[in-house]
>>> print(open('query_17.cif').read())   # mmCIF, C-alpha atoms
data_start
loop_
_atom_site.group_PDB
_atom_site.id
_atom_site.type_symbol
_atom_site.label_atom_id
_atom_site.label_comp_id
_atom_site.auth_asym_id
_atom_site.auth_seq_id
_atom_site.Cartn_x
_atom_site.Cartn_y
_atom_site.Cartn_z
ATOM 1 C CA MET T 1 -22.283 193.522 -78.139
ATOM 2 C CA LEU T 2 -22.731 190.577 -75.765
ATOM 3 C CA ALA T 3 -23.260 191.198 -72.044
ATOM 4 C CA VAL T 4 -22.604 188.409 -69.588
ATOM 5 C CA CYS T 5 -24.560 188.108 -66.322
ATOM 6 C CA PHE T 6 -22.507 186.930 -63.391
ATOM 7 C CA ARG T 7 -24.384 185.644 -60.362
ATOM 8 C CA LEU T 8 -23.718 183.493 -57.343
ATOM 9 C CA ALA T 9 -25.733 180.307 -57.125
ATOM 10 C CA ARG T 10 -28.437 180.378 -54.431
ATOM 11 C CA SER T 11 -28.291 184.179 -54.110
ATOM 12 C CA PRO T 12 -30.941 186.482 -55.546
ATOM 13 C CA PRO T 13 -29.906 189.510 -57.603
ATOM 14 C CA ARG T 14 -29.725 192.728 -55.605
ATOM 15 C CA SER T 15 -31.809 194.932 -57.882
ATOM 16 C CA ASP T 16 -35.234 194.075 -59.224
ATOM 17 C CA PRO T 17 -35.108 190.263 -59.463
ATOM 18 C CA HIS T 18 -37.483 189.999 -62.403
ATOM 19 C CA ARG T 19 -35.689 192.568 -64.556
ATOM 20 C CA ALA T 20 -32.231 191.086 -63.820
ATOM 21 C CA ALA T 21 -33.424 187.550 -64.535
ATOM 22 C CA MET T 22 -35.026 188.661 -67.806
ATOM 23 C CA ALA T 23 -31.824 190.439 -68.829
ATOM 24 C CA CYS T 24 -29.804 187.274 -68.262
ATOM 25 C CA LYS T 25 -32.332 185.176 -70.182
ATOM 26 C CA GLU T 26 -32.416 187.640 -73.071
ATOM 27 C CA GLN T 27 -28.641 187.554 -73.375
ATOM 28 C CA GLY T 28 -28.603 183.764 -73.290
ATOM 29 C CA VAL T 29 -25.400 183.641 -71.259
ATOM 30 C CA SER T 30 -25.314 183.131 -67.515
ATOM 31 C CA ILE T 31 -22.262 182.016 -65.554
ATOM 32 C CA ASP T 32 -22.570 180.595 -62.044
ATOM 33 C CA LEU T 33 -19.674 181.697 -59.852
ATOM 34 C CA GLN T 34 -20.509 179.146 -57.143
ATOM 35 C CA PRO T 35 -18.811 175.823 -58.021
ATOM 36 C CA ARG T 36 -20.924 172.716 -57.698
ATOM 37 C CA GLY T 37 -20.288 170.310 -54.843
ATOM 38 C CA LEU T 38 -18.937 172.909 -52.398
ATOM 39 C CA PRO T 39 -20.739 173.932 -49.209
ATOM 40 C CA PRO T 40 -22.890 177.078 -49.262
ATOM 41 C CA PRO T 41 -21.043 180.362 -48.736
ATOM 42 C CA TYR T 42 -22.754 181.298 -45.473
ATOM 43 C CA PRO T 43 -22.136 179.452 -42.187
ATOM 44 C CA GLY T 44 -25.755 178.865 -41.127
ATOM 45 C CA ALA T 45 -26.734 176.969 -44.265
ATOM 46 C CA GLN T 46 -27.688 173.314 -44.321
ATOM 47 C CA GLN T 47 -24.863 171.271 -45.760
ATOM 48 C CA GLY T 48 -26.691 168.022 -46.310
ATOM 49 C CA PHE T 49 -25.347 166.177 -43.279
ATOM 50 C CA PRO T 50 -26.504 166.372 -39.661
ATOM 51 C CA ALA T 51 -24.566 168.446 -37.149
ATOM 52 C CA GLU T 52 -22.453 166.564 -34.652
ATOM 53 C CA GLN T 53 -24.303 165.946 -31.408
ATOM 54 C CA PRO T 54 -22.691 167.516 -28.351
ATOM 55 C CA ARG T 55 -21.211 165.118 -25.826
ATOM 56 C CA ASP T 56 -22.318 165.039 -22.215
ATOM 57 C CA PHE T 57 -19.547 162.990 -20.467
ATOM 58 C CA VAL T 58 -21.877 161.354 -17.907
ATOM 59 C CA LEU T 59 -19.865 158.133 -17.638
ATOM 60 C CA TRP T 60 -16.590 159.999 -17.166
ATOM 61 C CA SER T 61 -18.275 162.140 -14.497
ATOM 62 C CA LEU T 62 -19.576 159.090 -12.643
ATOM 63 C CA PHE T 63 -16.125 157.524 -12.801
ATOM 64 C CA ASN T 64 -14.585 160.721 -11.408
ATOM 65 C CA VAL T 65 -17.151 160.868 -8.588
ATOM 66 C CA LEU T 66 -16.303 157.318 -7.561
ATOM 67 C CA LEU T 67 -12.565 157.915 -7.816
ATOM 68 C CA CYS T 68 -12.674 161.213 -5.934
ATOM 69 C CA GLN T 69 -14.960 159.831 -3.253
ATOM 70 C CA LYS T 70 -13.417 156.455 -2.497
ATOM 71 C CA LEU T 71 -9.935 156.185 -3.933
ATOM 72 C CA ALA T 72 -8.385 159.626 -3.586
ATOM 73 C CA CYS T 73 -10.408 160.813 -0.553
ATOM 74 C CA LEU T 74 -11.118 164.185 -2.213
ATOM 75 C CA GLY T 75 -14.727 164.314 -1.016
ATOM 76 C CA CYS T 76 -17.425 165.788 -3.273
ATOM 77 C CA LEU T 77 -15.018 167.157 -5.883
ATOM 78 C CA GLY T 78 -16.505 165.126 -8.746
ATOM 79 C CA PHE T 79 -20.105 166.225 -8.238
ATOM 80 C CA PRO T 80 -19.972 169.565 -10.148
ATOM 81 C CA ALA T 81 -18.835 167.729 -13.287
ATOM 82 C CA LEU T 82 -21.666 165.234 -12.831
ATOM 83 C CA ILE T 83 -24.210 168.040 -12.448
ATOM 84 C CA PHE T 84 -23.000 169.833 -15.569
ATOM 85 C CA SER T 85 -22.973 166.612 -17.589
ATOM 86 C CA ILE T 86 -26.562 165.857 -16.531
ATOM 87 C CA LYS T 87 -27.552 169.417 -17.519
ATOM 88 C CA ALA T 88 -25.861 168.892 -20.895
ATOM 89 C CA ARG T 89 -27.820 165.680 -21.444
ATOM 90 C CA ASP T 90 -31.096 167.428 -20.508
ATOM 91 C CA ARG T 91 -30.396 170.303 -22.910
ATOM 92 C CA LYS T 92 -29.589 167.836 -25.686
ATOM 93 C CA VAL T 93 -32.891 166.031 -25.108
ATOM 94 C CA LEU T 94 -34.762 169.349 -25.220
ATOM 95 C CA GLY T 95 -33.076 170.261 -28.522
ATOM 96 C CA ASP T 96 -30.938 173.147 -27.223
ATOM 97 C CA LEU T 97 -27.660 172.094 -28.843
ATOM 98 C CA GLU T 98 -25.773 175.294 -28.001
ATOM 99 C CA GLY T 99 -26.692 174.998 -24.317
ATOM 100 C CA ALA T 100 -25.740 171.324 -24.390
ATOM 101 C CA ARG T 101 -22.361 172.185 -25.925
ATOM 102 C CA SER T 102 -21.766 174.830 -23.278
ATOM 103 C CA TYR T 103 -22.628 172.540 -20.364
ATOM 104 C CA GLY T 104 -20.722 169.662 -21.985
ATOM 105 C CA THR T 105 -17.595 171.776 -22.346
ATOM 106 C CA THR T 106 -17.826 172.837 -18.712
ATOM 107 C CA ALA T 107 -18.290 169.208 -17.649
ATOM 108 C CA LYS T 108 -15.284 168.180 -19.737
ATOM 109 C CA VAL T 109 -13.064 170.826 -18.127
ATOM 110 C CA LEU T 110 -14.212 169.850 -14.633
ATOM 111 C CA ASN T 111 -13.630 166.168 -15.446
ATOM 112 C CA ILE T 112 -10.098 166.907 -16.647
ATOM 113 C CA ILE T 113 -9.352 168.854 -13.462
ATOM 114 C CA GLY T 114 -10.858 166.102 -11.306
ATOM 115 C CA SER T 115 -8.932 163.371 -13.110
ATOM 116 C CA LEU T 116 -5.669 165.263 -12.748
ATOM 117 C CA LEU T 117 -6.290 165.789 -9.029
ATOM 118 C CA VAL T 118 -7.009 162.079 -8.592
ATOM 119 C CA VAL T 119 -3.782 161.164 -10.380
ATOM 120 C CA VAL T 120 -1.790 163.644 -8.287
ATOM 121 C CA ALA T 121 -3.384 162.384 -5.058
ATOM 122 C CA ILE T 122 -2.625 158.767 -5.947
ATOM 123 C CA ALA T 123 0.948 159.697 -6.908
ATOM 124 C CA VAL T 124 1.440 161.491 -3.584
ATOM 125 C CA VAL T 125 0.049 158.523 -1.623
ATOM 126 C CA LEU T 126 2.299 156.102 -3.523
ATOM 127 C CA PHE T 127 5.324 158.363 -3.048
ATOM 128 C CA VAL T 128 4.701 158.623 0.680
ATOM 129 C CA TYR T 129 4.121 154.872 0.965
ATOM 130 C CA PHE T 130 7.289 153.892 -0.894
ATOM 131 C CA SER T 131 9.443 156.527 0.772
ATOM 132 C CA THR T 132 8.443 155.331 4.270
ATOM 133 C CA ALA T 133 8.673 151.641 3.311
ATOM 134 C CA SER T 134 12.304 151.951 2.270
ATOM 135 C CA VAL T 135 13.383 153.521 5.596
#
>>> encode(input="query_17.cif", output="structure tokens")
Amino acid sequence: MLAVCFRLARSPPRSDPHRAAMACKEQGVSIDLQPRGLPPPYPGAQQGFPAEQPRDFVLWSLFNVLLCQKLACLGCLGFPALIFSIKARDRKVLGDLEGARSYGTTAKVLNIIGSLLVVVAIAVVLFVYFSTASV
């Protein structure tokens, strides 16, 4: 009678590891259920390539500050996005990637809102200008 030991690659046996390993070696047959070349089965494992660095959107924030301040006359509306993007850059430098992602996402949302408000303000100004120029 031939017994076959099934085991996942990179996972230790659940019972006594020495006795289970000896049983598999005595039988001479061991089948890996983890295919080669695929990522590890758990999400926190190293996969051989570096994680993507979080973005901080500092340039977009500066651009929004200038547009909100000078062009659209919206005052200090672009400054919160700039503050969050600077915080994201600081967290990235310190090595806190989750904090940097969080601040970067907040900066991105604030930049989108600021950009949309600038576009709407410019559209309103152009609409008012062309509607009074034609009269």
>>> residues_around(input="query_17.cif", residues="Ala123 (chain T)", least_positions_apart="6", cutoff="10 Å", atoms="all atoms listed in the file", output="PDB file with C-alpha atoms, in the frame of the given file")
ATOM      1  CA  ALA T  72      -8.385 159.626  -3.586  1.00  0.00           C
ATOM      2  CA  LEU T 117      -6.290 165.789  -9.029  1.00  0.00           C
ATOM      3  CA  TYR T 129       4.121 154.872   0.965  1.00  0.00           C
TER       4      TYR T 129
END
>>> atom_distance(input="query_17.cif", atom1="CA of Asp56 (chain T)", atom2="CA of Gly99 (chain T)")
11.1 Å
>>> resolve_selection(input="query_17.cif", expression="the PyMOL selection byres ((chain T and resi 86) around 10)", output="list in words")
Asp56, Phe57, Val58, Ser61, Pro80, Ala81, Leu82, Ile83, Phe84, Ser85, Lys87, Ala88, Arg89, Asp90, Arg91, Lys92, Ala100, Tyr103, Gly104 and Ala107 of chain T
>>> closest_residue(input="query_17.cif", among="T:Ile112, T:Leu59, T:Cys73, T:Leu66", to="Val125 (chain T)", atoms="all atoms listed in the file")
T:Cys73
>>> atom_distance(input="query_17.cif", atom1="CA of Pro54 (chain T)", atom2="CA of Leu94 (chain T)")
12.6 Å
>>> atom_distance(input="query_17.cif", atom1="CA of Gly78 (chain T)", atom2="CA of Phe130 (chain T)")
27.5 Å
>>> closest_residue(input="query_17.cif", among="T:Ser131, T:Gln53, T:Thr105, T:Asn64", to="Leu77 (chain T)", atoms="all atoms listed in the file")
T:Asn64
>>> residues_around(input="query_17.cif", residues="Leu67 (chain T)", least_positions_apart="6", cutoff="12 Å", atoms="only C-alpha atoms", output="list in words")
Trp60, Ser61, Cys73, Leu74, Gly75, Cys76, Leu77, Gly78, Phe79, Asn111, Gly114, Ser115, Leu116, Leu117, Val118, Val119, Ala121 and Ile122 of chain T
>>> write_last_selection(input="query_17.cif", atoms="C-alpha atoms", output="PDB file, keeping the file's coordinate frame")
ATOM      1  CA  TRP T  60     -16.590 159.999 -17.166  1.00  0.00           C
ATOM      2  CA  SER T  61     -18.275 162.140 -14.497  1.00  0.00           C
ATOM      3  CA  CYS T  73     -10.408 160.813  -0.553  1.00  0.00           C
ATOM      4  CA  LEU T  74     -11.118 164.185  -2.213  1.00  0.00           C
ATOM      5  CA  GLY T  75     -14.727 164.314  -1.016  1.00  0.00           C
ATOM      6  CA  CYS T  76     -17.425 165.788  -3.273  1.00  0.00           C
ATOM      7  CA  LEU T  77     -15.018 167.157  -5.883  1.00  0.00           C
ATOM      8  CA  GLY T  78     -16.505 165.126  -8.746  1.00  0.00           C
ATOM      9  CA  PHE T  79     -20.105 166.225  -8.238  1.00  0.00           C
ATOM     10  CA  ASN T 111     -13.630 166.168 -15.446  1.00  0.00           C
ATOM     11  CA  GLY T 114     -10.858 166.102 -11.306  1.00  0.00           C
ATOM     12  CA  SER T 115      -8.932 163.371 -13.110  1.00  0.00           C
ATOM     13  CA  LEU T 116      -5.669 165.263 -12.748  1.00  0.00           C
ATOM     14  CA  LEU T 117      -6.290 165.789  -9.029  1.00  0.00           C
ATOM     15  CA  VAL T 118      -7.009 162.079  -8.592  1.00  0.00           C
ATOM     16  CA  VAL T 119      -3.782 161.164 -10.380  1.00  0.00           C
ATOM     17  CA  ALA T 121      -3.384 162.384  -5.058  1.00  0.00           C
ATOM     18  CA  ILE T 122      -2.625 158.767  -5.947  1.00  0.00           C
TER      19      ILE T 122
END
>>> closest_residue(input="query_17.cif", among="T:Leu110, T:Val128, T:Leu97, T:Ala133", to="Val65 (chain T)", atoms="all atoms listed in the file")
T:Leu110
